[in-house]
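Chemist: I have a structure I would like to understand better, so I am pasting it below and will then ask my questions one at a time.
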Amino acid sequence: MEKNSKNYFTLFKSTFFLSAFTFGGGYVIVPMMKKKFVDKFGWLEEEEMLNIAAIAQSSPGAMAVNASILVGWRLLGLSGALVAILGTILPPFIILSIISLFYAAFRDNAVVSAVLKGMMAGVCAVIFDVVITMGGKIIKTRKWLPILIMVGAFIVYYVLRVNIIYIIVFCATLGALVSLYDKHAGKEHI
Amino acid sequence: MIYLQLFWSFLQIGLFSFGGGMAAMPLIQNQVVDIHGWLTLAEFTDLITISEMTPGPIAINSATFVGTQIAGFGGALVSTLGSILPSCIIVLSLAWLYSKYQELVVIKGILAGLRPTVVALILSAGLSILVLAFWGSAGFTWNLASLDFIAVALFAGWLFLLRKFDLNPIVVILGSGLIGGTCYLLF
(Lines give C-alpha, C1' and ligand atoms only; values in the text may rest on other atoms or scores of the structure.)
Protein backbone atom coordinates (compact mmCIF):
# COMPACT_ATOMS: atom_id res chain seq x y z
CA MET A 1 0.00 0.00 0.00
CA GLU A 2 1.22 3.48 -0.81
CA LYS A 3 2.66 5.41 2.12
CA ASN A 4 0.76 8.66 1.70
CA SER A 5 -0.87 10.81 4.34
CA LYS A 6 -4.36 9.78 3.19
CA ASN A 7 -3.68 6.10 3.89
CA TYR A 8 -2.09 6.86 7.27
CA PHE A 9 -5.09 8.96 8.22
CA THR A 10 -7.56 6.26 7.12
CA LEU A 11 -5.63 3.67 9.16
CA PHE A 12 -5.63 5.95 12.20
CA LYS A 13 -9.30 6.80 11.86
CA SER A 14 -10.29 3.13 11.43
CA THR A 15 -8.33 1.87 14.44
CA PHE A 16 -9.51 4.84 16.54
CA PHE A 17 -13.20 4.21 15.85
CA LEU A 18 -12.87 0.44 16.16
CA SER A 19 -11.30 0.92 19.59
CA ALA A 20 -13.75 3.59 20.72
CA PHE A 21 -16.83 1.54 19.95
CA THR A 22 -15.69 -1.94 20.87
CA PHE A 23 -16.96 -3.07 24.23
CA GLY A 24 -16.23 -6.52 25.55
CA GLY A 25 -12.57 -7.02 24.80
CA GLY A 26 -10.41 -8.59 22.15
CA TYR A 27 -12.66 -11.35 20.89
CA VAL A 28 -15.09 -8.78 19.53
CA ILE A 29 -12.54 -6.58 17.81
CA VAL A 30 -11.25 -9.18 15.33
CA PRO A 31 -14.58 -9.69 13.51
CA MET A 32 -15.01 -5.90 13.43
CA MET A 33 -11.51 -5.46 11.96
CA LYS A 34 -12.33 -8.06 9.34
CA LYS A 35 -15.46 -6.14 8.38
CA LYS A 36 -13.48 -2.93 7.98
CA PHE A 37 -10.12 -4.00 6.50
CA VAL A 38 -11.22 -7.02 4.47
CA ASP A 39 -14.82 -6.37 3.42
CA LYS A 40 -14.98 -2.57 3.29
CA PHE A 41 -11.50 -1.39 2.23
CA GLY A 42 -10.22 -4.62 0.65
CA TRP A 43 -6.80 -3.91 2.21
CA LEU A 44 -6.32 -7.48 3.46
CA GLU A 45 -7.27 -10.96 2.30
CA GLU A 46 -9.60 -12.88 4.58
CA GLU A 47 -6.91 -15.48 5.24
CA GLU A 48 -4.41 -12.80 6.27
CA MET A 49 -6.93 -11.50 8.79
CA LEU A 50 -7.36 -15.02 10.19
CA ASN A 51 -3.58 -15.34 10.58
CA ILE A 52 -3.42 -11.96 12.26
CA ALA A 53 -6.15 -13.03 14.69
CA ALA A 54 -4.28 -16.27 15.47
CA ILE A 55 -0.98 -14.48 16.13
CA ALA A 56 -2.67 -11.72 18.17
CA GLN A 57 -4.27 -14.40 20.32
CA SER A 58 -0.99 -16.26 20.82
CA SER A 59 0.90 -13.20 22.05
CA PRO A 60 0.72 -11.76 25.55
CA GLY A 61 -0.97 -8.41 26.07
CA ALA A 62 -4.26 -6.95 24.91
CA MET A 63 -5.62 -8.64 21.80
CA ALA A 64 -6.94 -5.39 20.28
CA VAL A 65 -3.47 -3.83 20.51
CA ASN A 66 -1.77 -6.96 19.15
CA ALA A 67 -4.12 -7.19 16.18
CA SER A 68 -3.77 -3.51 15.28
CA ILE A 69 0.05 -3.71 15.45
CA LEU A 70 -0.07 -6.55 12.92
CA VAL A 71 -2.57 -4.83 10.63
CA GLY A 72 -0.58 -1.57 10.70
CA TRP A 73 2.70 -3.37 10.08
CA ARG A 74 1.29 -5.41 7.22
CA LEU A 75 -0.22 -2.35 5.51
CA LEU A 76 2.35 0.41 6.08
CA GLY A 77 5.36 -1.07 7.87
CA LEU A 78 6.78 0.22 11.15
CA SER A 79 5.18 3.67 10.84
CA GLY A 80 1.85 1.98 10.09
CA ALA A 81 2.17 -0.15 13.22
CA LEU A 82 2.83 2.98 15.30
CA VAL A 83 -0.15 4.81 13.79
CA ALA A 84 -2.41 1.80 14.43
CA ILE A 85 -1.21 1.52 18.06
CA LEU A 86 -1.90 5.21 18.60
CA GLY A 87 -5.39 4.88 17.14
CA THR A 88 -6.14 1.88 19.32
CA ILE A 89 -4.89 3.18 22.67
CA LEU A 90 -6.05 6.80 22.39
CA PRO A 91 -9.79 6.20 23.03
CA PRO A 92 -9.35 4.20 26.28
CA PHE A 93 -6.52 6.55 27.30
CA ILE A 94 -8.70 9.64 26.92
CA ILE A 95 -11.81 8.08 28.48
CA LEU A 96 -9.99 6.65 31.51
CA SER A 97 -7.99 9.86 32.09
CA ILE A 98 -11.24 11.79 32.35
CA ILE A 99 -12.92 9.15 34.55
CA SER A 100 -9.84 9.02 36.74
CA LEU A 101 -10.08 12.75 37.44
CA PHE A 102 -13.80 12.52 38.27
CA TYR A 103 -13.30 9.37 40.33
CA ALA A 104 -11.07 11.11 42.86
CA ALA A 105 -13.65 13.91 43.21
CA PHE A 106 -16.79 11.76 43.42
CA ARG A 107 -15.72 8.52 45.09
CA ASP A 108 -16.81 9.70 48.58
CA ASN A 109 -20.18 11.05 47.47
CA ALA A 110 -22.88 8.97 49.22
CA VAL A 111 -24.87 8.20 46.06
CA VAL A 112 -21.80 7.39 43.93
CA SER A 113 -20.34 5.07 46.54
CA ALA A 114 -23.70 3.28 47.02
CA VAL A 115 -23.98 2.73 43.25
CA LEU A 116 -20.36 1.52 43.00
CA LYS A 117 -21.00 -0.85 45.92
CA GLY A 118 -24.06 -2.20 44.12
CA MET A 119 -22.03 -2.59 40.93
CA MET A 120 -19.40 -4.62 42.80
CA ALA A 121 -21.79 -7.57 43.17
CA GLY A 122 -22.67 -7.31 39.47
CA VAL A 123 -19.00 -7.34 38.45
CA CYS A 124 -18.48 -10.43 40.62
CA ALA A 125 -21.32 -12.13 38.76
CA VAL A 126 -19.71 -11.20 35.41
CA ILE A 127 -16.31 -12.57 36.54
CA PHE A 128 -17.80 -15.84 37.82
CA ASP A 129 -19.82 -16.20 34.61
CA VAL A 130 -16.55 -15.97 32.63
CA VAL A 131 -14.85 -18.47 34.99
CA ILE A 132 -17.74 -20.96 34.69
CA THR A 133 -17.71 -20.71 30.86
CA MET A 134 -13.91 -21.02 30.56
CA GLY A 135 -13.59 -23.66 33.29
CA GLY A 136 -16.47 -25.65 31.78
CA LYS A 137 -14.60 -25.84 28.47
CA ILE A 138 -11.48 -27.18 30.24
CA ILE A 139 -13.50 -29.83 32.08
CA LYS A 140 -15.35 -30.84 28.90
CA THR A 141 -12.05 -31.74 27.19
CA ARG A 142 -11.96 -34.68 29.66
CA LYS A 143 -8.18 -34.52 29.64
CA TRP A 144 -6.77 -35.00 33.12
CA LEU A 145 -3.72 -32.78 32.70
CA PRO A 146 -5.48 -29.44 31.94
CA ILE A 147 -7.95 -30.12 34.78
CA LEU A 148 -5.07 -30.88 37.14
CA ILE A 149 -3.28 -27.67 36.05
CA MET A 150 -6.44 -25.64 36.70
CA VAL A 151 -7.01 -27.06 40.19
CA GLY A 152 -3.30 -27.01 41.02
CA ALA A 153 -2.79 -23.41 39.88
CA PHE A 154 -5.77 -22.31 41.96
CA ILE A 155 -4.47 -23.95 45.14
CA VAL A 156 -0.91 -22.75 44.59
CA TYR A 157 -2.01 -19.16 43.93
CA TYR A 158 -5.11 -18.58 46.08
CA VAL A 159 -4.22 -20.76 49.07
CA LEU A 160 -0.42 -20.92 49.07
CA ARG A 161 0.08 -17.39 47.65
CA VAL A 162 2.98 -18.37 45.37
CA ASN A 163 4.23 -15.58 43.05
CA ILE A 164 1.86 -15.33 40.07
CA ILE A 165 4.70 -14.97 37.53
CA TYR A 166 6.36 -18.22 38.69
CA ILE A 167 3.02 -20.00 38.19
CA ILE A 168 2.58 -18.60 34.67
CA VAL A 169 6.16 -19.44 33.63
CA PHE A 170 5.89 -22.95 35.11
CA CYS A 171 2.59 -23.77 33.39
CA ALA A 172 3.79 -22.33 30.06
CA THR A 173 6.94 -24.48 30.23
CA LEU A 174 4.92 -27.54 31.21
CA GLY A 175 2.56 -26.98 28.27
CA ALA A 176 5.50 -26.61 25.85
CA LEU A 177 7.25 -29.78 27.10
CA VAL A 178 4.09 -31.90 27.16
CA SER A 179 3.11 -30.82 23.66
CA LEU A 180 6.57 -31.72 22.33
CA TYR A 181 6.34 -35.12 24.05
CA ASP A 182 2.78 -35.61 22.73
CA LYS A 183 3.88 -34.86 19.17
CA HIS A 184 6.81 -37.26 19.52
CA ALA A 185 4.74 -40.04 21.14
CA GLY A 186 1.55 -39.42 19.13
CA LYS A 187 -0.52 -38.71 22.25
CA GLU A 188 -2.87 -35.94 23.35
CA HIS A 189 -2.36 -35.04 26.98
CA ILE A 190 -2.91 -31.30 26.53
CA MET B 1 11.49 6.81 40.42
CA ILE B 2 7.71 6.33 40.57
CA TYR B 3 7.67 6.51 36.75
CA LEU B 4 10.17 3.66 36.56
CA GLN B 5 8.13 1.59 39.03
CA LEU B 6 4.91 2.15 37.07
CA PHE B 7 6.65 1.34 33.79
CA TRP B 8 8.21 -1.86 35.17
CA SER B 9 4.95 -3.04 36.78
CA PHE B 10 2.88 -2.56 33.65
CA LEU B 11 5.63 -4.06 31.51
CA GLN B 12 5.28 -7.28 33.56
CA ILE B 13 1.50 -7.13 33.23
CA GLY B 14 1.84 -6.77 29.44
CA LEU B 15 4.41 -9.54 29.23
CA PHE B 16 2.62 -12.20 31.28
CA SER B 17 -1.06 -11.71 30.43
CA PHE B 18 -1.99 -14.38 27.91
CA GLY B 19 -5.45 -15.10 26.61
CA GLY B 20 -7.13 -11.73 26.21
CA GLY B 21 -10.20 -10.40 28.01
CA MET B 22 -9.93 -10.82 31.74
CA ALA B 23 -6.58 -12.63 31.67
CA ALA B 24 -4.77 -9.44 32.68
CA MET B 25 -6.98 -8.83 35.73
CA PRO B 26 -5.19 -11.11 38.25
CA LEU B 27 -1.79 -9.74 37.17
CA ILE B 28 -2.97 -6.15 37.57
CA GLN B 29 -4.40 -6.94 41.00
CA ASN B 30 -1.11 -8.60 41.96
CA GLN B 31 1.05 -5.62 40.90
CA VAL B 32 -1.25 -2.73 41.78
CA VAL B 33 -2.93 -3.96 44.99
CA ASP B 34 -0.75 -6.71 46.49
CA ILE B 35 2.81 -5.62 45.65
CA HIS B 36 2.67 -1.81 45.45
CA GLY B 37 -0.55 -0.87 47.26
CA TRP B 38 -1.27 1.81 44.64
CA LEU B 39 -4.99 1.01 44.89
CA THR B 40 -7.02 -0.61 47.68
CA LEU B 41 -8.96 -3.75 46.71
CA ALA B 42 -12.16 -1.65 46.68
CA GLU B 43 -10.61 0.93 44.32
CA PHE B 44 -9.29 -1.89 42.12
CA THR B 45 -12.81 -3.35 41.96
CA ASP B 46 -14.15 0.07 40.92
CA LEU B 47 -11.49 0.10 38.19
CA ILE B 48 -12.62 -3.32 36.90
CA THR B 49 -16.23 -2.09 37.02
CA ILE B 50 -15.30 1.00 34.97
CA SER B 51 -13.23 -1.10 32.53
CA GLU B 52 -16.13 -3.44 31.90
CA MET B 53 -18.38 -0.51 31.01
CA THR B 54 -15.97 1.47 28.81
CA PRO B 55 -14.35 0.42 25.52
CA GLY B 56 -10.74 -0.68 25.39
CA PRO B 57 -8.65 -3.47 26.90
CA ILE B 58 -8.50 -3.85 30.72
CA ALA B 59 -4.70 -3.46 30.72
CA ILE B 60 -4.76 -0.10 28.89
CA ASN B 61 -7.66 1.14 31.01
CA SER B 62 -5.84 0.14 34.19
CA ALA B 63 -2.53 1.64 33.09
CA THR B 64 -4.22 4.97 32.40
CA PHE B 65 -6.28 4.93 35.60
CA VAL B 66 -3.52 3.82 37.97
CA GLY B 67 -0.92 6.02 36.28
CA THR B 68 -3.17 9.09 36.59
CA GLN B 69 -4.03 8.36 40.24
CA ILE B 70 -0.39 7.82 41.25
CA ALA B 71 1.62 10.23 39.09
CA GLY B 72 -0.74 12.28 36.91
CA PHE B 73 -0.61 12.44 33.12
CA GLY B 74 3.06 11.38 32.93
CA GLY B 75 2.27 8.34 35.06
CA ALA B 76 -0.57 7.35 32.73
CA LEU B 77 1.75 7.71 29.75
CA VAL B 78 4.64 5.57 31.08
CA SER B 79 2.23 2.90 32.41
CA THR B 80 0.46 2.61 29.06
CA LEU B 81 3.78 2.47 27.20
CA GLY B 82 4.99 -0.25 29.58
CA SER B 83 1.88 -2.34 29.05
CA ILE B 84 2.11 -2.32 25.24
CA LEU B 85 5.89 -2.60 24.76
CA PRO B 86 6.05 -6.42 25.22
CA SER B 87 3.16 -6.81 22.75
CA CYS B 88 4.97 -4.79 20.08
CA ILE B 89 8.11 -6.91 20.28
CA ILE B 90 6.53 -10.34 20.74
CA VAL B 91 3.69 -9.99 18.24
CA LEU B 92 6.07 -8.96 15.45
CA SER B 93 8.56 -11.73 16.32
CA LEU B 94 5.74 -14.27 16.29
CA ALA B 95 4.50 -12.99 12.93
CA TRP B 96 8.00 -13.51 11.58
CA LEU B 97 8.19 -17.02 13.07
CA TYR B 98 4.79 -17.93 11.63
CA SER B 99 5.88 -16.84 8.17
CA LYS B 100 8.93 -19.16 8.46
CA TYR B 101 7.41 -22.19 10.17
CA GLN B 102 3.72 -22.63 9.40
CA GLU B 103 2.96 -24.67 12.52
CA LEU B 104 4.41 -23.84 15.89
CA VAL B 105 3.94 -26.84 18.18
CA VAL B 106 5.72 -25.20 21.12
CA ILE B 107 3.59 -22.03 21.08
CA LYS B 108 0.41 -24.07 20.82
CA GLY B 109 1.65 -26.10 23.80
CA ILE B 110 2.44 -22.97 25.82
CA LEU B 111 -1.07 -21.63 25.19
CA ALA B 112 -2.63 -25.00 26.04
CA GLY B 113 -0.74 -25.00 29.34
CA LEU B 114 -1.78 -21.43 30.10
CA ARG B 115 -5.49 -21.78 29.32
CA PRO B 116 -6.37 -23.70 32.51
CA THR B 117 -3.90 -21.56 34.50
CA VAL B 118 -5.63 -18.34 33.45
CA VAL B 119 -9.02 -19.72 34.57
CA ALA B 120 -7.56 -20.48 38.00
CA LEU B 121 -6.01 -17.00 38.28
CA ILE B 122 -9.21 -15.19 37.23
CA LEU B 123 -11.14 -17.31 39.74
CA SER B 124 -8.69 -16.28 42.47
CA ALA B 125 -9.05 -12.59 41.64
CA GLY B 126 -12.84 -13.00 41.46
CA LEU B 127 -12.91 -14.68 44.88
CA SER B 128 -10.98 -11.86 46.54
CA ILE B 129 -13.46 -9.34 45.09
CA LEU B 130 -16.38 -11.56 46.14
CA VAL B 131 -15.10 -11.68 49.74
CA LEU B 132 -14.83 -7.88 49.71
CA ALA B 133 -18.37 -7.53 48.32
CA PHE B 134 -19.89 -10.00 50.83
CA TRP B 135 -17.98 -9.22 54.03
CA GLY B 136 -16.36 -5.81 53.45
CA SER B 137 -12.71 -4.95 53.96
CA ALA B 138 -12.55 -6.90 57.26
CA GLY B 139 -12.60 -10.13 55.23
CA PHE B 140 -14.32 -13.50 55.52
CA THR B 141 -15.89 -14.61 58.83
CA TRP B 142 -18.49 -17.25 59.76
CA ASN B 143 -20.48 -14.58 61.59
CA LEU B 144 -23.71 -14.07 59.61
CA ALA B 145 -24.20 -10.60 61.07
CA SER B 146 -21.29 -9.25 59.03
CA LEU B 147 -22.57 -10.76 55.77
CA ASP B 148 -23.94 -8.21 53.27
CA PHE B 149 -27.21 -9.86 52.20
CA ILE B 150 -27.91 -7.24 49.52
CA ALA B 151 -24.62 -8.13 47.81
CA VAL B 152 -25.29 -11.87 48.12
CA ALA B 153 -28.76 -11.50 46.59
CA LEU B 154 -27.47 -9.29 43.76
CA PHE B 155 -24.61 -11.66 42.98
CA ALA B 156 -26.81 -14.77 42.95
CA GLY B 157 -29.53 -13.07 40.91
CA TRP B 158 -27.22 -11.63 38.26
CA LEU B 159 -25.17 -14.80 37.96
CA PHE B 160 -28.38 -16.78 37.41
CA LEU B 161 -29.57 -14.32 34.74
CA LEU B 162 -26.14 -14.31 33.04
CA ARG B 163 -26.07 -18.12 32.82
CA LYS B 164 -29.68 -18.33 31.70
CA PHE B 165 -29.97 -15.45 29.21
CA ASP B 166 -26.39 -14.58 28.17
CA LEU B 167 -26.89 -10.92 29.19
CA ASN B 168 -24.54 -8.13 28.18
CA PRO B 169 -22.10 -7.41 31.09
CA ILE B 170 -22.76 -3.66 30.79
CA VAL B 171 -26.47 -4.26 31.41
CA VAL B 172 -25.64 -6.44 34.43
CA ILE B 173 -23.27 -3.88 35.98
CA LEU B 174 -25.59 -0.91 35.37
CA GLY B 175 -28.60 -2.86 36.66
CA SER B 176 -26.67 -3.99 39.70
CA GLY B 177 -25.56 -0.41 40.41
CA LEU B 178 -29.11 0.88 40.08
CA ILE B 179 -30.84 -1.79 42.21
CA GLY B 180 -27.97 -2.22 44.68
CA GLY B 181 -27.35 1.51 44.98
CA THR B 182 -31.02 2.14 45.77
CA CYS B 183 -31.02 -0.66 48.39
CA TYR B 184 -27.85 0.63 50.06
CA LEU B 185 -29.21 4.18 50.21
CA LEU B 186 -32.56 3.02 51.62
CA PHE B 187 -31.37 0.47 54.20
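Labeling convention for the C-alpha coordinates: chains A, B, ... as they appear, residues from 1 per chain, ligands from 1 in order of appearance.
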So which residues touch A:Met119 within 12 Å, counting only C-alpha atoms, skipping near sequence neighbours fewer than 4 positions away, as number ranges by chain?
Modeler: A: 112-115, 123-126; B: 42, 45-50, 52-53, 129-130, 133, 150-151, 154-155, 158, 169-184
Chemist: Could you check the closest approach to A:Thr15 for each of B:Gly72, B:Pro86, B:Gly56, B:Gly126 and tell me which residue wins, using only C-alpha atoms?
Modeler: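 For A:Thr15, the nearest of the given residues is B:Gly56.
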Chemist: Counting only C-alpha atoms, figure out which residue out of B:Ile58, B:Leu114, B:Leu81, B:Leu159 gets nearest to A:Pro92.
Modeler: B:Ile58
Chemist: Compare B:Ala120, B:Ala153, B:Val32, B:Leu167 by their minimum atom-to-atom distance to B:Phe65, counting only C-alpha atoms, and give me the closest one.
Modeler: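 Closest to B:Phe65 of all the choices is B:Val32.
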Chemist: For A:Lys3, work out the shell of residues within 10 Å, counting only C-alpha atoms and skipping chain neighbours fewer than 2 positions away, then give it as number ranges by chain.
Modeler: A: 1, 5-8, 75-77, 79-80
Chemist: Given the selection you just returned, output its residues as a file containing N, CA, C and O atoms, formatted as a PDB file, in the first residue's frame.
Modeler:
ATOM      1  N   MET A   1       0.833  -1.198   0.000  1.00  0.00           N
ATOM      2  CA  MET A   1       0.000   0.000   0.000  1.00  0.00           C
ATOM      3  C   MET A   1       0.869   1.250   0.000  1.00  0.00           C
ATOM      4  O   MET A   1       1.920   1.282   0.622  1.00  0.00           O
ATOM      5  N   SER A   5      -0.221  10.351   3.113  1.00  0.00           N
ATOM      6  CA  SER A   5      -0.875  10.805   4.339  1.00  0.00           C
ATOM      7  C   SER A   5      -2.341  10.365   4.388  1.00  0.00           C
ATOM      8  O   SER A   5      -2.894  10.144   5.455  1.00  0.00           O
ATOM      9  N   LYS A   6      -2.951  10.191   3.218  1.00  0.00           N
ATOM     10  CA  LYS A   6      -4.358   9.783   3.186  1.00  0.00           C
ATOM     11  C   LYS A   6      -4.519   8.378   3.778  1.00  0.00           C
ATOM     12  O   LYS A   6      -5.399   8.123   4.590  1.00  0.00           O
ATOM     13  N   ASN A   7      -3.606   7.465   3.375  1.00  0.00           N
ATOM     14  CA  ASN A   7      -3.679   6.100   3.890  1.00  0.00           C
ATOM     15  C   ASN A   7      -3.383   6.035   5.390  1.00  0.00           C
ATOM     16  O   ASN A   7      -4.021   5.282   6.125  1.00  0.00           O
ATOM     17  N   TYR A   8      -2.380   6.812   5.827  1.00  0.00           N
ATOM     18  CA  TYR A   8      -2.094   6.856   7.265  1.00  0.00           C
ATOM     19  C   TYR A   8      -3.304   7.339   8.033  1.00  0.00           C
ATOM     20  O   TYR A   8      -3.665   6.795   9.079  1.00  0.00           O
ATOM     21  N   LEU A  75       0.222  -3.320   6.503  1.00  0.00           N
ATOM     22  CA  LEU A  75      -0.217  -2.346   5.509  1.00  0.00           C
ATOM     23  C   LEU A  75       0.837  -1.287   5.217  1.00  0.00           C
ATOM     24  O   LEU A  75       1.078  -0.948   4.067  1.00  0.00           O
ATOM     25  N   LEU A  76       1.468  -0.742   6.282  1.00  0.00           N
ATOM     26  CA  LEU A  76       2.348   0.410   6.080  1.00  0.00           C
ATOM     27  C   LEU A  76       3.663   0.310   6.847  1.00  0.00           C
ATOM     28  O   LEU A  76       4.283   1.340   7.144  1.00  0.00           O
ATOM     29  N   GLY A  77       4.069  -0.903   7.207  1.00  0.00           N
ATOM     30  CA  GLY A  77       5.361  -1.074   7.872  1.00  0.00           C
ATOM     31  C   GLY A  77       5.385  -0.519   9.287  1.00  0.00           C
ATOM     32  O   GLY A  77       4.339  -0.366   9.925  1.00  0.00           O
ATOM     33  N   SER A  79       5.954   2.456  10.567  1.00  0.00           N
ATOM     34  CA  SER A  79       5.185   3.671  10.844  1.00  0.00           C
ATOM     35  C   SER A  79       3.688   3.355  10.882  1.00  0.00           C
ATOM     36  O   SER A  79       2.937   3.938  11.672  1.00  0.00           O
ATOM     37  N   GLY A  80       3.254   2.398  10.070  1.00  0.00           N
ATOM     38  CA  GLY A  80       1.854   1.981  10.093  1.00  0.00           C
ATOM     39  C   GLY A  80       1.487   1.337  11.420  1.00  0.00           C
ATOM     40  O   GLY A  80       0.418   1.602  11.983  1.00  0.00           O
TER      41      GLY A  80
END
Chemist: Report the distance between atom CA of B:Leu27 and atom CA of A:Ile149 in Å, rounded to one decimal place.
Modeler: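 Interatomic distance, atom CA of B:Leu27 to atom CA of A:Ile149: 18.0 Å.
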Chemist: Please list as JSON, numbers by chain every residue within 9 Å of A:Met134, counting only C-alpha atoms and excluding residues in the same chain fewer than 3 positions away.
Modeler: {"A": [129, 130, 131, 137, 138, 139], "B": [115, 116, 119]}
